[in-house]
>>> print(open('model_22.pdb').read())   # PDB, C-alpha atoms and all ligand atoms
ATOM      1  CA  MET A   1       7.796  -6.771  26.474  1.00  0.00           C
ATOM      2  CA  ASP A   2       6.296  -8.780  23.606  1.00  0.00           C
ATOM      3  CA  ASN A   3       7.494  -6.868  20.545  1.00  0.00           C
ATOM      4  CA  THR A   4       5.314  -8.946  18.203  1.00  0.00           C
ATOM      5  CA  ALA A   5       2.334  -7.019  19.625  1.00  0.00           C
ATOM      6  CA  PHE A   6       3.466  -4.083  17.481  1.00  0.00           C
ATOM      7  CA  PHE A   7       3.072  -6.218  14.341  1.00  0.00           C
ATOM      8  CA  LYS A   8      -0.707  -6.128  14.859  1.00  0.00           C
ATOM      9  CA  PHE A   9      -0.863  -2.466  13.831  1.00  0.00           C
ATOM     10  CA  THR A  10      -2.092  -1.887  10.285  1.00  0.00           C
ATOM     11  CA  TYR A  11      -0.501   0.827   8.169  1.00  0.00           C
ATOM     12  CA  GLY A  12      -0.887   2.311   4.737  1.00  0.00           C
ATOM     13  CA  LEU A  13       1.935   3.226   2.383  1.00  0.00           C
ATOM     14  CA  PHE A  14       2.616   6.809   1.387  1.00  0.00           C
ATOM     15  CA  LEU A  15       4.992   8.802  -0.771  1.00  0.00           C
ATOM     16  CA  VAL A  16       6.257  12.113   0.616  1.00  0.00           C
ATOM     17  CA  GLY A  17       7.689  14.488  -2.008  1.00  0.00           C
ATOM     18  CA  VAL A  18       9.571  17.718  -1.311  1.00  0.00           C
ATOM     19  CA  GLU A  19      11.193  20.309  -3.550  1.00  0.00           C
ATOM     20  CA  GLN A  20      13.647  22.591  -1.773  1.00  0.00           C
ATOM     21  CA  GLU A  21      15.693  25.145  -3.739  1.00  0.00           C
ATOM     22  CA  GLY A  22      15.599  23.075  -6.911  1.00  0.00           C
ATOM     23  CA  LYS A  23      16.343  19.774  -5.146  1.00  0.00           C
ATOM     24  CA  TYR A  24      13.563  17.214  -5.611  1.00  0.00           C
ATOM     25  CA  ASN A  25      13.304  14.226  -3.341  1.00  0.00           C
ATOM     26  CA  GLY A  26      10.798  11.737  -2.029  1.00  0.00           C
ATOM     27  CA  CYS A  27      10.541   8.682   0.191  1.00  0.00           C
ATOM     28  CA  ILE A  28       8.074   5.992   1.165  1.00  0.00           C
ATOM     29  CA  ILE A  29       6.657   6.044   4.681  1.00  0.00           C
ATOM     30  CA  ASN A  30       4.085   3.879   6.465  1.00  0.00           C
ATOM     31  CA  THR A  31       3.197   6.195   9.339  1.00  0.00           C
ATOM     32  CA  ALA A  32       0.776   8.894   8.220  1.00  0.00           C
ATOM     33  CA  ALA A  33      -2.758   9.468   9.447  1.00  0.00           C
ATOM     34  CA  GLN A  34      -5.447  12.100   9.631  1.00  0.00           C
ATOM     35  CA  ALA A  35      -5.122  13.784  13.024  1.00  0.00           C
ATOM     36  CA  THR A  36      -8.170  16.091  12.945  1.00  0.00           C
ATOM     37  CA  SER A  37     -10.819  17.053  10.382  1.00  0.00           C
ATOM     38  CA  GLU A  38     -11.460  20.624  11.599  1.00  0.00           C
ATOM     39  CA  PRO A  39      -9.036  21.989  10.790  1.00  0.00           C
ATOM     40  CA  PRO A  40      -7.870  19.218   8.443  1.00  0.00           C
ATOM     41  CA  ARG A  41      -4.549  18.035   9.806  1.00  0.00           C
ATOM     42  CA  ILE A  42      -2.327  15.055   9.085  1.00  0.00           C
ATOM     43  CA  LEU A  43       0.498  13.697  11.194  1.00  0.00           C
ATOM     44  CA  MET A  44       3.381  11.608   9.985  1.00  0.00           C
ATOM     45  CA  THR A  45       6.706  10.371  11.285  1.00  0.00           C
ATOM     46  CA  MET A  46       9.866  10.123   9.219  1.00  0.00           C
ATOM     47  CA  GLN A  47      13.394   8.937   9.914  1.00  0.00           C
ATOM     48  CA  LYS A  48      15.603  11.909  10.744  1.00  0.00           C
ATOM     49  CA  LYS A  49      18.476  10.591   8.628  1.00  0.00           C
ATOM     50  CA  ASN A  50      16.301  10.581   5.456  1.00  0.00           C
ATOM     51  CA  TYR A  51      17.215  13.179   2.872  1.00  0.00           C
ATOM     52  CA  THR A  52      13.506  13.972   2.406  1.00  0.00           C
ATOM     53  CA  THR A  53      13.216  14.729   6.140  1.00  0.00           C
ATOM     54  CA  GLU A  54      16.162  17.111   5.879  1.00  0.00           C
ATOM     55  CA  LEU A  55      14.564  18.936   2.932  1.00  0.00           C
ATOM     56  CA  LEU A  56      11.177  18.992   4.684  1.00  0.00           C
ATOM     57  CA  MET A  57      12.694  20.665   7.772  1.00  0.00           C
ATOM     58  CA  GLN A  58      13.871  23.482   5.494  1.00  0.00           C
ATOM     59  CA  LYS A  59      10.877  23.712   3.154  1.00  0.00           C
ATOM     60  CA  ARG A  60       8.145  23.183   5.796  1.00  0.00           C
ATOM     61  CA  SER A  61       5.748  21.815   3.168  1.00  0.00           C
ATOM     62  CA  ALA A  62       5.342  18.510   1.283  1.00  0.00           C
ATOM     63  CA  ALA A  63       3.156  16.567  -1.154  1.00  0.00           C
ATOM     64  CA  LEU A  64       1.764  13.409   0.455  1.00  0.00           C
ATOM     65  CA  THR A  65       0.174  10.700  -1.719  1.00  0.00           C
ATOM     66  CA  ILE A  66      -1.556   7.472  -0.707  1.00  0.00           C
ATOM     67  CA  LEU A  67      -0.366   4.440  -2.666  1.00  0.00           C
ATOM     68  CA  SER A  68      -2.986   2.198  -4.248  1.00  0.00           C
ATOM     69  CA  ARG A  69      -2.485  -1.531  -4.870  1.00  0.00           C
ATOM     70  CA  GLN A  70      -1.783  -0.550  -8.501  1.00  0.00           C
ATOM     71  CA  PHE A  71       1.451   1.217  -7.600  1.00  0.00           C
ATOM     72  CA  PRO A  72       4.290  -0.980  -8.945  1.00  0.00           C
ATOM     73  CA  LEU A  73       6.552  -2.794  -6.501  1.00  0.00           C
ATOM     74  CA  ASP A  74       9.728  -1.658  -8.273  1.00  0.00           C
ATOM     75  CA  ARG A  75       8.646   1.961  -7.822  1.00  0.00           C
ATOM     76  CA  ILE A  76       8.235   1.375  -4.088  1.00  0.00           C
ATOM     77  CA  ALA A  77      11.784   0.011  -4.026  1.00  0.00           C
ATOM     78  CA  HIS A  78      12.974   3.007  -6.065  1.00  0.00           C
ATOM     79  CA  PHE A  79      11.564   5.498  -3.560  1.00  0.00           C
ATOM     80  CA  GLY A  80      11.893   3.424  -0.424  1.00  0.00           C
ATOM     81  CA  MET A  81      15.108   1.411  -0.615  1.00  0.00           C
ATOM     82  CA  GLN A  82      17.694   3.974  -1.664  1.00  0.00           C
ATOM     83  CA  SER A  83      18.674   7.513  -0.702  1.00  0.00           C
ATOM     84  CA  GLY A  84      17.991  10.597  -2.760  1.00  0.00           C
ATOM     85  CA  ARG A  85      21.530  11.620  -1.877  1.00  0.00           C
ATOM     86  CA  ASP A  86      22.703   8.864  -4.270  1.00  0.00           C
ATOM     87  CA  VAL A  87      19.874   8.535  -6.799  1.00  0.00           C
ATOM     88  CA  PRO A  88      17.495  11.133  -8.279  1.00  0.00           C
ATOM     89  CA  LYS A  89      14.079   9.955  -7.093  1.00  0.00           C
ATOM     90  CA  PHE A  90      11.923  12.041  -9.442  1.00  0.00           C
ATOM     91  CA  ALA A  91      13.885  11.211 -12.598  1.00  0.00           C
ATOM     92  CA  GLY A  92      10.745  10.296 -14.583  1.00  0.00           C
ATOM     93  CA  PRO A  93       7.535  12.244 -15.165  1.00  0.00           C
ATOM     94  CA  TYR A  94       5.927  13.816 -12.095  1.00  0.00           C
ATOM     95  CA  GLU A  95       3.518  16.585 -11.202  1.00  0.00           C
ATOM     96  CA  THR A  96       3.840  19.416  -8.710  1.00  0.00           C
ATOM     97  CA  ASP A  97       1.388  20.927  -6.230  1.00  0.00           C
ATOM     98  CA  ALA A  98       0.811  24.619  -5.449  1.00  0.00           C
ATOM     99  CA  ASN A  99       3.931  24.643  -3.244  1.00  0.00           C
ATOM    100  CA  GLY A 100       6.050  23.206  -6.057  1.00  0.00           C
ATOM    101  CA  ASN A 101       6.379  19.857  -4.266  1.00  0.00           C
ATOM    102  CA  PRO A 102       6.550  16.793  -6.540  1.00  0.00           C
ATOM    103  CA  TYR A 103       4.109  13.871  -6.571  1.00  0.00           C
ATOM    104  CA  LEU A 104       3.154  10.957  -8.797  1.00  0.00           C
ATOM    105  CA  ALA A 105      -0.484  10.674  -9.880  1.00  0.00           C
ATOM    106  CA  ASP A 106      -0.374   7.192 -11.448  1.00  0.00           C
ATOM    107  CA  GLY A 107      -1.065   4.352  -9.038  1.00  0.00           C
ATOM    108  CA  MET A 108      -2.102   6.729  -6.268  1.00  0.00           C
ATOM    109  CA  ASN A 109      -5.450   7.024  -4.484  1.00  0.00           C
ATOM    110  CA  ALA A 110      -5.192  10.581  -3.184  1.00  0.00           C
ATOM    111  CA  ARG A 111      -2.852  13.484  -2.675  1.00  0.00           C
ATOM    112  CA  PHE A 112      -2.540  16.153   0.014  1.00  0.00           C
ATOM    113  CA  ALA A 113      -0.631  19.431   0.121  1.00  0.00           C
ATOM    114  CA  LEU A 114       0.867  19.679   3.613  1.00  0.00           C
ATOM    115  CA  GLU A 115       2.191  22.685   5.519  1.00  0.00           C
ATOM    116  CA  VAL A 116       4.200  21.763   8.621  1.00  0.00           C
ATOM    117  CA  SER A 117       2.802  23.401  11.764  1.00  0.00           C
ATOM    118  CA  GLU A 118       4.706  21.566  14.507  1.00  0.00           C
ATOM    119  CA  THR A 119       7.511  19.045  14.763  1.00  0.00           C
ATOM    120  CA  ILE A 120       8.567  16.817  17.645  1.00  0.00           C
ATOM    121  CA  ASP A 121      12.021  15.248  17.883  1.00  0.00           C
ATOM    122  CA  LEU A 122      11.497  11.527  18.587  1.00  0.00           C
ATOM    123  CA  GLY A 123      15.161  10.494  18.619  1.00  0.00           C
ATOM    124  CA  THR A 124      15.428   8.278  15.528  1.00  0.00           C
ATOM    125  CA  HIS A 125      12.398   9.916  13.913  1.00  0.00           C
ATOM    126  CA  ARG A 126      10.740  13.269  13.659  1.00  0.00           C
ATOM    127  CA  LEU A 127       6.987  13.707  14.012  1.00  0.00           C
ATOM    128  CA  PHE A 128       5.369  16.274  11.716  1.00  0.00           C
ATOM    129  CA  LEU A 129       1.951  17.747  12.468  1.00  0.00           C
ATOM    130  CA  CYS A 130       0.766  19.342   9.226  1.00  0.00           C
ATOM    131  CA  ASP A 131      -2.109  21.513   8.057  1.00  0.00           C
ATOM    132  CA  VAL A 132      -3.748  20.340   4.829  1.00  0.00           C
ATOM    133  CA  SER A 133      -4.047  23.181   2.315  1.00  0.00           C
ATOM    134  CA  ASP A 134      -5.322  21.019  -0.559  1.00  0.00           C
ATOM    135  CA  ALA A 135      -6.601  17.469  -1.072  1.00  0.00           C
ATOM    136  CA  LEU A 136      -7.652  15.512  -4.147  1.00  0.00           C
ATOM    137  CA  THR A 137      -8.842  11.955  -4.832  1.00  0.00           C
ATOM    138  CA  LEU A 138      -6.807  10.526  -7.720  1.00  0.00           C
ATOM    139  CA  SER A 139      -8.356   7.061  -8.112  1.00  0.00           C
ATOM    140  CA  ASP A 140     -10.881   4.768  -6.446  1.00  0.00           C
ATOM    141  CA  GLY A 141      -8.756   1.627  -6.233  1.00  0.00           C
ATOM    142  CA  VAL A 142      -7.970  -0.172  -2.994  1.00  0.00           C
ATOM    143  CA  PRO A 143      -5.239   1.580  -0.973  1.00  0.00           C
ATOM    144  CA  MET A 144      -2.101  -0.495  -0.455  1.00  0.00           C
ATOM    145  CA  SER A 145      -1.567  -1.516   3.147  1.00  0.00           C
ATOM    146  CA  TYR A 146       1.848  -2.224   4.580  1.00  0.00           C
ATOM    147  CA  GLY A 147       0.672  -5.842   4.960  1.00  0.00           C
ATOM    148  CA  ASP A 148      -0.196  -5.965   1.215  1.00  0.00           C
ATOM    149  CA  TYR A 149       3.282  -4.703   0.421  1.00  0.00           C
ATOM    150  CA  ARG A 150       4.932  -7.400   2.554  1.00  0.00           C
ATOM    151  CA  ILE A 151       2.875 -10.101   0.780  1.00  0.00           C
ATOM    152  CA  LEU A 152       3.771  -8.735  -2.684  1.00  0.00           C
ATOM    153  CA  LYS A 153       7.435  -8.370  -1.769  1.00  0.00           C
ATOM    154  CA  SER A 154       7.648 -12.032  -0.779  1.00  0.00           C
ATOM    155  CA  GLY A 155       6.156 -13.087  -4.131  1.00  0.00           C
ATOM    156  CA  GLY A 156       2.543 -13.511  -2.984  1.00  0.00           C
ATOM    157  CA  THR A 157      -0.624 -12.183  -4.569  1.00  0.00           C
ATOM    158  CA  LEU A 158      -3.420 -10.110  -3.085  1.00  0.00           C
ATOM    159  CA  GLY A 159      -6.542 -12.259  -3.132  1.00  0.00           C
ATOM    160  CA  GLY A 160      -8.973  -9.802  -1.596  1.00  0.00           C
ATOM    161  CA  GLU A 161     -12.027 -11.856  -0.627  1.00  0.00           C
ATOM    162  CA  ALA A 162     -10.732 -15.044  -2.254  1.00  0.00           C
ATOM    163  CA  PRO A 163     -11.351 -18.202  -0.222  1.00  0.00           C
ATOM    164  CA  VAL A 164      -8.491 -19.434   1.900  1.00  0.00           C
ATOM    165  CA  SER A 165      -8.692 -22.886   0.348  1.00  0.00           C
ATOM    166  CA  GLN A 166      -7.947 -23.190  -3.365  1.00  0.00           C
ATOM    167  CA  LYS A 167      -8.822 -26.902  -3.396  1.00  0.00           C
ATOM    168  CA  LYS A 168     -11.242 -28.223  -6.018  1.00  0.00           C
ATOM    169  CA  TRP A 169     -13.567 -31.206  -6.321  1.00  0.00           C
ATOM    170  CA  VAL A 170     -12.230 -33.409  -9.116  1.00  0.00           C
ATOM    171  CA  CYS A 171     -13.780 -36.450 -10.790  1.00  0.00           C
ATOM    172  CA  SER A 172     -11.508 -39.392 -10.053  1.00  0.00           C
ATOM    173  CA  VAL A 173     -12.575 -41.116 -13.272  1.00  0.00           C
ATOM    174  CA  CYS A 174     -12.000 -38.401 -15.914  1.00  0.00           C
ATOM    175  CA  HIS A 175     -10.311 -35.654 -13.853  1.00  0.00           C
ATOM    176  CA  TYR A 176     -13.060 -33.109 -14.606  1.00  0.00           C
ATOM    177  CA  GLU A 177     -12.769 -30.157 -12.191  1.00  0.00           C
ATOM    178  CA  TYR A 178     -16.099 -29.001 -10.754  1.00  0.00           C
ATOM    179  CA  ASP A 179     -16.290 -25.177 -10.999  1.00  0.00           C
ATOM    180  CA  GLY A 180     -20.010 -24.485 -10.661  1.00  0.00           C
ATOM    181  CA  GLU A 181     -21.392 -21.645  -8.564  1.00  0.00           C
ATOM    182  CA  VAL A 182     -23.246 -24.000  -6.209  1.00  0.00           C
ATOM    183  CA  PRO A 183     -20.849 -25.396  -3.598  1.00  0.00           C
ATOM    184  CA  PHE A 184     -20.102 -29.027  -4.491  1.00  0.00           C
ATOM    185  CA  GLU A 185     -21.329 -30.182  -1.074  1.00  0.00           C
ATOM    186  CA  ALA A 186     -24.743 -28.639  -1.784  1.00  0.00           C
ATOM    187  CA  LEU A 187     -25.294 -30.478  -5.085  1.00  0.00           C
ATOM    188  CA  PRO A 188     -28.076 -33.108  -5.134  1.00  0.00           C
ATOM    189  CA  ASP A 189     -27.128 -36.706  -4.430  1.00  0.00           C
ATOM    190  CA  ASP A 190     -27.908 -37.714  -8.008  1.00  0.00           C
ATOM    191  CA  TYR A 191     -25.412 -35.178  -9.441  1.00  0.00           C
ATOM    192  CA  ARG A 192     -23.256 -36.803 -12.103  1.00  0.00           C
ATOM    193  CA  CYS A 193     -19.985 -35.772 -13.731  1.00  0.00           C
ATOM    194  CA  PRO A 194     -20.963 -33.849 -16.917  1.00  0.00           C
ATOM    195  CA  VAL A 195     -18.056 -35.447 -18.800  1.00  0.00           C
ATOM    196  CA  CYS A 196     -18.061 -39.145 -17.875  1.00  0.00           C
ATOM    197  CA  GLY A 197     -21.291 -39.549 -15.920  1.00  0.00           C
ATOM    198  CA  ALA A 198     -19.626 -40.811 -12.730  1.00  0.00           C
ATOM    199  CA  GLY A 199     -21.654 -40.283  -9.532  1.00  0.00           C
ATOM    200  CA  LYS A 200     -20.922 -37.759  -6.812  1.00  0.00           C
ATOM    201  CA  GLU A 201     -19.117 -40.395  -4.748  1.00  0.00           C
ATOM    202  CA  HIS A 202     -16.367 -40.524  -7.391  1.00  0.00           C
ATOM    203  CA  PHE A 203     -15.358 -36.880  -6.708  1.00  0.00           C
ATOM    204  CA  SER A 204     -12.619 -36.006  -4.261  1.00  0.00           C
ATOM    205  CA  LEU A 205     -11.145 -32.761  -2.950  1.00  0.00           C
ATOM    206  CA  VAL A 206      -7.632 -32.144  -4.347  1.00  0.00           C
TER     207      VAL A 206
HETATM  208 FE    FE B   1     -15.796 -37.613 -14.823  1.00  0.00          FE
END
>>> encode(input="model_22.pdb", output="structure tokens", more="lines below")
Ligand code: FE
Amino acid sequence: MDNTAFFKFTYGLFLVGVEQEGKYNGCIINTAAQATSEPPRILMTMQKKNYTTELLMQKRSAALTILSRQFPLDRIAHFGMQSGRDVPKFAGPYETDANGNPYLADGMNARFALEVSETIDLGTHRLFLCDVSDALTLSDGVPMSYGDYRILKSGGTLGGEAPVSQKKWVCSVCHYEYDGEVPFEALPDDYRCPVCGAGKEHFSLV
């Protein structure tokens, strides 16, 4: 089997928050999706060994939020790279939904109040099928995909619709960088460098 085929799936990033008998915890997951719209249901899978999963099995409800691209990378690491058994996840300011489950509003696109209706034991993971009892859009930014997160984590930037090539046409005489809206190739043949007056043939792509 070609395991790289699985890399072609796209995923979002989500924060699942649960409060159970005064214990607050949360973790980052990448597998959550709307299952049906009538009734509104969401499914998600979580690692069984996660503390949040353990609390969710007892509480049977959770606050799910969708991360936007504005959500800071160090906060993803805080919720995703360490266990709530060792570190309090909701140490800073947070809000709670009608079930008392914690969520962060800043840097999030939307939140959902989930009530677990069915679970399936998947070995390493547990699948939760949940009814949605409340939903709210928190911001209109672009949701963070798992691919975005991998780019950011490796030091890259999210260019959106930016062109693949960042090369510019530069005057070889005075080093003026052409940055006009008309593509350089489409300029008339008598175009001249606005700084030194050199002809179009003196420009090169660097
Ligand atoms: Fe020039």
>>> closest_atom_pairs(input="model_22.pdb", of="chain A", to="ligand FE 1 (chain B)", cutoff="9 Å", atoms="all atoms listed in the file", output="JSON lines")
{"residue": "A:Val170", "atom": "CA", "partner": "B:FE1", "partner_atom": "FE", "distance": 7.9}
{"residue": "A:Cys171", "atom": "CA", "partner": "B:FE1", "partner_atom": "FE", "distance": 4.7}
{"residue": "A:Ser172", "atom": "CA", "partner": "B:FE1", "partner_atom": "FE", "distance": 6.7}
{"residue": "A:Val173", "atom": "CA", "partner": "B:FE1", "partner_atom": "FE", "distance": 5.0}
{"residue": "A:Cys174", "atom": "CA", "partner": "B:FE1", "partner_atom": "FE", "distance": 4.0}
{"residue": "A:His175", "atom": "CA", "partner": "B:FE1", "partner_atom": "FE", "distance": 5.9}
{"residue": "A:Tyr176", "atom": "CA", "partner": "B:FE1", "partner_atom": "FE", "distance": 5.3}
{"residue": "A:Glu177", "atom": "CA", "partner": "B:FE1", "partner_atom": "FE", "distance": 8.5}
{"residue": "A:Arg192", "atom": "CA", "partner": "B:FE1", "partner_atom": "FE", "distance": 8.0}
{"residue": "A:Cys193", "atom": "CA", "partner": "B:FE1", "partner_atom": "FE", "distance": 4.7}
{"residue": "A:Pro194", "atom": "CA", "partner": "B:FE1", "partner_atom": "FE", "distance": 6.7}
{"residue": "A:Val195", "atom": "CA", "partner": "B:FE1", "partner_atom": "FE", "distance": 5.1}
{"residue": "A:Cys196", "atom": "CA", "partner": "B:FE1", "partner_atom": "FE", "distance": 4.1}
{"residue": "A:Gly197", "atom": "CA", "partner": "B:FE1", "partner_atom": "FE", "distance": 5.9}
{"residue": "A:Ala198", "atom": "CA", "partner": "B:FE1", "partner_atom": "FE", "distance": 5.4}
{"residue": "A:Gly199", "atom": "CA", "partner": "B:FE1", "partner_atom": "FE", "distance": 8.3}
{"residue": "A:His202", "atom": "CA", "partner": "B:FE1", "partner_atom": "FE", "distance": 8.0}
{"residue": "A:Phe203", "atom": "CA", "partner": "B:FE1", "partner_atom": "FE", "distance": 8.2}
>>> atom_distance(input="model_22.pdb", atom1="atom CA of Arg126 of chain A", atom2="atom CA of Met108 of chain A")
24.6 Å
>>> residues_around(input="model_22.pdb", residues="segment 75-87 of chain A", least_positions_apart="2", cutoff="9 Å", atoms="all atoms listed in the file", output="ChimeraX atom specification")
/A:15,24-29,50-52,71-73,89-91
>>> closest_residue(input="model_22.pdb", among="A:Thr124, A:Ser139, A:Asn99, A:Ser37", to="Ser68 of chain A", atoms="only C-alpha atoms")
A:Ser139
>>> atom_distance(input="model_22.pdb", atom1="atom CA of Val142 of chain A", atom2="atom CA of Gly92 of chain A")
24.4 Å
>>> residues_around(input="model_22.pdb", residues="Ser133 of chain A", least_positions_apart="4", cutoff="10 Å", atoms="all atoms listed in the file", output="list in words")
Pro39, Pro40, Arg41, Ser61, Ala98, Asn99, Phe112, Ala113, Leu114 and Glu115 of chain A
>>> residues_near_point(input="model_22.pdb", point="(-1.7, 0.0, 0.4)", cutoff="6 Å", atoms="only C-alpha atoms", output="PyMOL selection string")
chain A and resi 12-13+67-69+143-146
>>> write_last_selection(input="model_22.pdb", atoms="C-alpha atoms", output="PDB file, in the coordinates of the input")
ATOM      1  CA  GLY A  12      -0.887   2.311   4.737  1.00  0.00           C
ATOM      2  CA  LEU A  13       1.935   3.226   2.383  1.00  0.00           C
ATOM      3  CA  LEU A  67      -0.366   4.440  -2.666  1.00  0.00           C
ATOM      4  CA  SER A  68      -2.986   2.198  -4.248  1.00  0.00           C
ATOM      5  CA  ARG A  69      -2.485  -1.531  -4.870  1.00  0.00           C
ATOM      6  CA  PRO A 143      -5.239   1.580  -0.973  1.00  0.00           C
ATOM      7  CA  MET A 144      -2.101  -0.495  -0.455  1.00  0.00           C
ATOM      8  CA  SER A 145      -1.567  -1.516   3.147  1.00  0.00           C
ATOM      9  CA  TYR A 146       1.848  -2.224   4.580  1.00  0.00           C
TER      10      TYR A 146
END
